[in-house]
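With mmCIF, C-alpha atoms inside, this is work.cif:
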```
data_run
#
loop_
_atom_site.label_atom_id
_atom_site.label_comp_id
_atom_site.auth_asym_id
_atom_site.auth_seq_id
_atom_site.Cartn_x
_atom_site.Cartn_y
_atom_site.Cartn_z
CA MET A 1402 0.00 0.00 0.00
CA THR A 1403 1.31 3.45 -0.85
CA ALA A 1404 1.65 6.14 1.78
CA PRO A 1405 -1.39 8.39 2.12
CA ALA A 1406 -1.42 11.81 0.49
CA ILE A 1407 -2.61 14.74 2.55
CA THR A 1408 -3.78 17.90 0.80
CA VAL A 1409 -3.09 21.23 2.49
CA CYS A 1410 -5.43 24.08 1.53
CA GLY A 1411 -4.95 27.71 2.48
CA ALA A 1412 -4.56 31.22 1.13
CA GLY A 1413 -2.23 31.67 -1.82
CA ARG A 1414 -1.46 35.27 -0.96
CA VAL A 1415 0.97 36.55 1.66
CA VAL A 1416 -0.29 35.31 5.01
CA ASP A 1417 0.21 36.41 8.59
CA PRO A 1418 3.54 35.09 9.96
CA ALA A 1419 1.69 33.09 12.64
CA VAL A 1420 -0.42 31.34 9.98
CA ALA A 1421 2.70 30.69 7.89
CA ALA A 1422 4.39 29.12 10.94
CA LEU A 1423 1.38 26.83 11.46
CA ALA A 1424 1.44 25.85 7.78
CA ARG A 1425 5.18 25.09 7.98
CA GLU A 1426 4.58 22.79 10.91
CA VAL A 1427 1.71 21.06 9.10
CA GLY A 1428 4.03 20.40 6.15
CA ALA A 1429 6.75 19.13 8.47
CA ALA A 1430 4.31 16.83 10.30
CA ILE A 1431 3.06 15.40 7.01
CA VAL A 1432 6.60 14.50 5.93
CA ARG A 1433 7.50 13.13 9.38
CA SER A 1434 4.46 10.85 9.12
CA GLY A 1435 5.78 9.47 5.82
CA CYS A 1436 2.92 10.91 3.78
CA THR A 1437 2.89 12.82 0.52
CA LEU A 1438 2.03 16.52 0.77
CA VAL A 1439 -0.28 17.81 -1.97
CA CYS A 1440 -1.11 21.48 -2.40
CA GLY A 1441 -1.77 24.13 -5.02
CA GLY A 1442 1.97 24.70 -5.35
CA MET A 1443 1.87 28.48 -5.17
CA ASP A 1444 2.57 31.11 -2.45
CA GLY A 1445 1.19 31.75 1.02
CA VAL A 1446 0.09 28.72 3.02
CA MET A 1447 1.14 26.41 0.19
CA HIS A 1448 4.68 27.83 0.11
CA ALA A 1449 4.99 27.63 3.90
CA ALA A 1450 3.72 24.04 4.07
CA CYS A 1451 6.12 22.95 1.33
CA MET A 1452 9.00 24.74 3.05
CA GLY A 1453 8.23 22.97 6.33
CA ALA A 1454 8.10 19.64 4.52
CA VAL A 1455 11.52 20.21 2.94
CA GLU A 1456 13.00 21.29 6.29
CA ALA A 1457 11.66 18.17 8.02
CA ARG A 1458 12.96 15.95 5.23
CA THR A 1459 16.39 17.58 5.45
CA LEU A 1460 16.51 16.97 9.21
CA ALA A 1461 15.61 13.33 8.51
CA GLY A 1462 18.60 12.90 6.20
CA GLY A 1463 16.60 13.25 3.02
CA HIS A 1464 13.95 10.75 4.04
CA GLY A 1465 10.29 11.65 3.95
CA GLY A 1466 7.33 12.22 1.76
CA LEU A 1467 6.99 13.69 -1.67
CA ILE A 1468 5.80 17.29 -2.19
CA VAL A 1469 3.34 17.76 -5.06
CA GLY A 1470 2.13 21.13 -6.31
CA ILE A 1471 -0.86 21.30 -8.67
CA THR A 1472 -0.75 24.83 -10.04
CA PRO A 1473 -3.52 26.91 -11.58
CA THR A 1474 -1.15 28.12 -14.29
CA ALA A 1475 0.25 26.33 -17.32
CA CYS A 1476 3.88 27.03 -16.36
CA LYS A 1477 5.90 24.79 -14.03
CA ALA A 1478 8.17 27.71 -13.15
CA ASP A 1479 5.25 29.43 -11.38
CA ALA A 1480 5.30 26.88 -8.55
CA ASN A 1481 7.09 27.56 -5.31
CA PRO A 1482 10.65 26.16 -5.23
CA TYR A 1483 9.89 23.52 -2.60
CA CYS A 1484 7.69 21.30 -4.79
CA ASP A 1485 9.27 17.99 -5.89
CA VAL A 1486 6.63 17.43 -8.53
CA VAL A 1487 4.76 20.25 -10.27
CA ILE A 1488 1.62 19.57 -12.24
CA PRO A 1489 0.75 22.71 -14.21
CA THR A 1490 -2.91 22.66 -15.16
CA GLY A 1491 -3.70 25.98 -16.84
CA LEU A 1492 -7.14 25.62 -15.25
CA GLY A 1493 -7.13 28.60 -12.90
CA VAL A 1494 -9.31 28.06 -9.85
CA ALA A 1495 -10.89 25.00 -11.46
CA ARG A 1496 -7.70 23.18 -10.49
CA ASN A 1497 -8.96 23.25 -6.88
CA SER A 1498 -10.93 20.08 -7.54
CA LEU A 1499 -7.75 18.31 -8.68
CA VAL A 1500 -5.85 19.45 -5.58
CA VAL A 1501 -8.56 17.89 -3.42
CA LEU A 1502 -8.86 14.72 -5.50
CA ALA A 1503 -5.11 14.07 -5.26
CA GLY A 1504 -5.25 13.76 -1.47
CA ASP A 1505 -6.74 11.10 0.76
CA ALA A 1506 -7.61 13.78 3.34
CA VAL A 1507 -7.63 17.58 3.42
CA ILE A 1508 -6.25 19.94 6.05
CA LEU A 1509 -7.53 23.52 6.00
CA VAL A 1510 -5.09 26.19 7.20
CA GLY A 1511 -6.66 29.65 7.42
CA GLY A 1512 -7.94 30.50 3.99
CA GLY A 1513 -10.11 32.67 1.84
CA ALA A 1514 -12.43 31.99 -1.08
CA GLY A 1515 -10.14 29.41 -2.73
CA THR A 1516 -9.91 27.45 0.50
CA LEU A 1517 -13.68 27.59 0.84
CA SER A 1518 -14.08 26.14 -2.65
CA GLU A 1519 -11.59 23.38 -1.84
CA ALA A 1520 -13.49 22.57 1.35
CA ALA A 1521 -16.72 22.33 -0.68
CA PHE A 1522 -15.07 20.06 -3.26
CA ALA A 1523 -13.61 17.89 -0.48
CA TRP A 1524 -17.04 17.63 1.15
CA GLN A 1525 -18.77 16.69 -2.10
CA LEU A 1526 -16.02 14.21 -3.05
CA GLY A 1527 -16.12 12.46 0.32
CA ARG A 1528 -12.64 13.45 1.47
CA PRO A 1529 -12.11 13.71 5.22
CA ILE A 1530 -11.51 17.33 6.23
CA VAL A 1531 -9.57 18.62 9.22
CA ALA A 1532 -9.55 22.33 10.06
CA LEU A 1533 -6.65 23.89 11.96
CA VAL A 1534 -8.64 26.23 14.20
CA PRO A 1535 -5.82 28.55 15.42
CA SER A 1536 -5.03 29.46 11.79
CA GLY A 1537 -8.27 31.45 11.49
CA GLY A 1538 -10.00 32.08 8.17
CA TRP A 1539 -12.31 29.42 6.79
CA ALA A 1540 -10.51 26.75 8.81
CA ALA A 1541 -11.76 28.31 12.05
CA SER A 1542 -15.22 29.05 10.63
CA LEU A 1543 -15.82 25.54 9.28
CA ALA A 1544 -14.31 23.53 12.16
CA GLY A 1545 -16.90 21.29 13.76
CA GLN A 1546 -19.45 22.10 11.05
CA SER A 1547 -21.37 19.97 8.59
CA ILE A 1548 -21.61 21.67 5.21
CA ASP A 1549 -24.82 19.89 4.21
CA ASP A 1550 -26.69 16.62 4.63
CA ARG A 1551 -24.73 14.69 1.97
CA ARG A 1552 -22.51 13.36 4.74
CA ALA A 1553 -23.20 12.26 8.28
CA ASP A 1554 -19.86 13.53 9.61
CA TRP A 1555 -18.42 17.00 10.09
CA ILE A 1556 -15.25 18.95 9.52
CA VAL A 1557 -12.91 17.85 12.30
CA ALA A 1558 -11.41 20.61 14.45
CA ALA A 1559 -7.72 20.44 15.37
CA GLN A 1560 -5.89 22.77 17.73
CA SER A 1561 -2.32 22.11 16.55
CA PRO A 1562 -0.52 21.10 13.36
CA ALA A 1563 0.47 17.73 14.87
CA GLU A 1564 -3.13 17.05 15.87
CA ALA A 1565 -4.35 18.05 12.40
CA VAL A 1566 -2.06 15.53 10.69
CA ALA A 1567 -2.78 12.81 13.25
CA ARG A 1568 -6.54 13.28 12.85
CA ALA A 1569 -6.24 13.29 9.04
CA LEU A 1570 -4.35 10.00 9.17
CA GLU A 1571 -6.89 8.49 11.57
CA LEU A 1572 -9.69 9.43 9.15
CA VAL A 1573 -7.80 8.01 6.15
CA HIS A 1574 -7.16 4.72 7.95
CA ALA A 1575 -10.78 4.52 9.15
CA ALA A 1576 -12.03 5.07 5.60
CA ALA A 1577 -9.64 2.41 4.26
CA ALA A 1578 -10.90 -0.06 6.86
CA HIS A 1579 -14.44 0.34 5.50
CA LEU A 1580 -13.47 -0.52 1.92
#
```

How would this structure read if it were set down as C-alpha cells?
Amino acid sequence: MTAPAITVCGAGRVVDPAVAALAREVGAAIVRSGCTLVCGGMDGVMHAACMGAVEARTLAGGHGGLIVGITPTACKADANPYCDVVIPTGLGVARNSLVVLAGDAVILVGGGAGTLSEAAFAWQLGRPIVALVPSGGWAASLAGQSIDDRRADWIVAAQSPAEAVARALELVHAAAAHL
C-alpha cells in the first residue's frame, strides 16, 4: 500500500507570519508521518507548508514524503521552489478540484475563497476534512461544522498542526478499513 497523500489548503497570498508558521509545521508533520504533501503549489500557506516539509525531510537525512504542487497556471516555473513534482494545469481556480482529489484527506489552514471552494469540493467528493482552528479564516469558521446533509460527519477541528495531521491520518485509515 502506498503512503497516504494529505492535501493542504490555504490562502495563496501573503499570510500572517503566525499562519505561515502553522502551515510550515503542518508540512513538516506530514513529511515526518511518511505521507505525501499535496497542495496548489503556489505562495502563502502552500509555500509555507512545502518549506516545512523540505526542512523536516532535510533533518531526517533526506527521508520523507513527496511534495506535489498542482498549479492553476500552465507554467511549471510558477510553482514555489519547494515542490518535488509540479503539475501545471492551466485551469485557474478549477484546479482546486484536482488538488482535493489528489489527497486522501484535506487539512484547511486559514484560507479565503479558494480554501472555501476546496473545502466544498472535499465535502462533495467524500474526502475527510480537518480544520486547523488557530489558523483562522475558513478553517476556524468551518471547524466542527457539517456543510450539508450529503454526509453524516463534520469537519474535524484540530488545535495544533500535529493534531491536524494525526486526525487526518486516523480518518484516512478509518475510511480504508471500510473498503

Q: Extract, using all atoms listed in the file, all DNA, RNA and protein residues at most 12 Å from Gly1445 (chain A), discarding same-chain residues fewer than 6 positions from it, and format them as a PyMOL selection string.
A: chain A and resi 1409-1425+1451-1452+1480-1481+1510-1513+1516

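With only the atoms specified (all atoms listed in the file) counting, those residues at most 9 Å away from (0.2, 21.8, -0.6) are Ile1407, Thr1408, Val1409, Cys1410, Gly1411, Gly1428, Leu1438, Val1439, Cys1440, Gly1441, Gly1442, Met1443, Val1446, Met1447, His1448, Ala1449, Ala1450, Cys1451, Ile1468, Val1469, Gly1470, Ile1471, Cys1484 and Val1500 of chain A.
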
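Atom pair CA of Leu1517 (chain A) / CA of Gly1537 (chain A) has a distance of 12.6 Å (rounded to one decimal).
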
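For the pair CA of Ser1561 (chain A) and CA of Pro1535 (chain A), the interatomic distance is 7.4 Å.
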
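Separating CA of Ser1536 (chain A) from CA of Asp1554 (chain A) is a distance of 21.9 Å.
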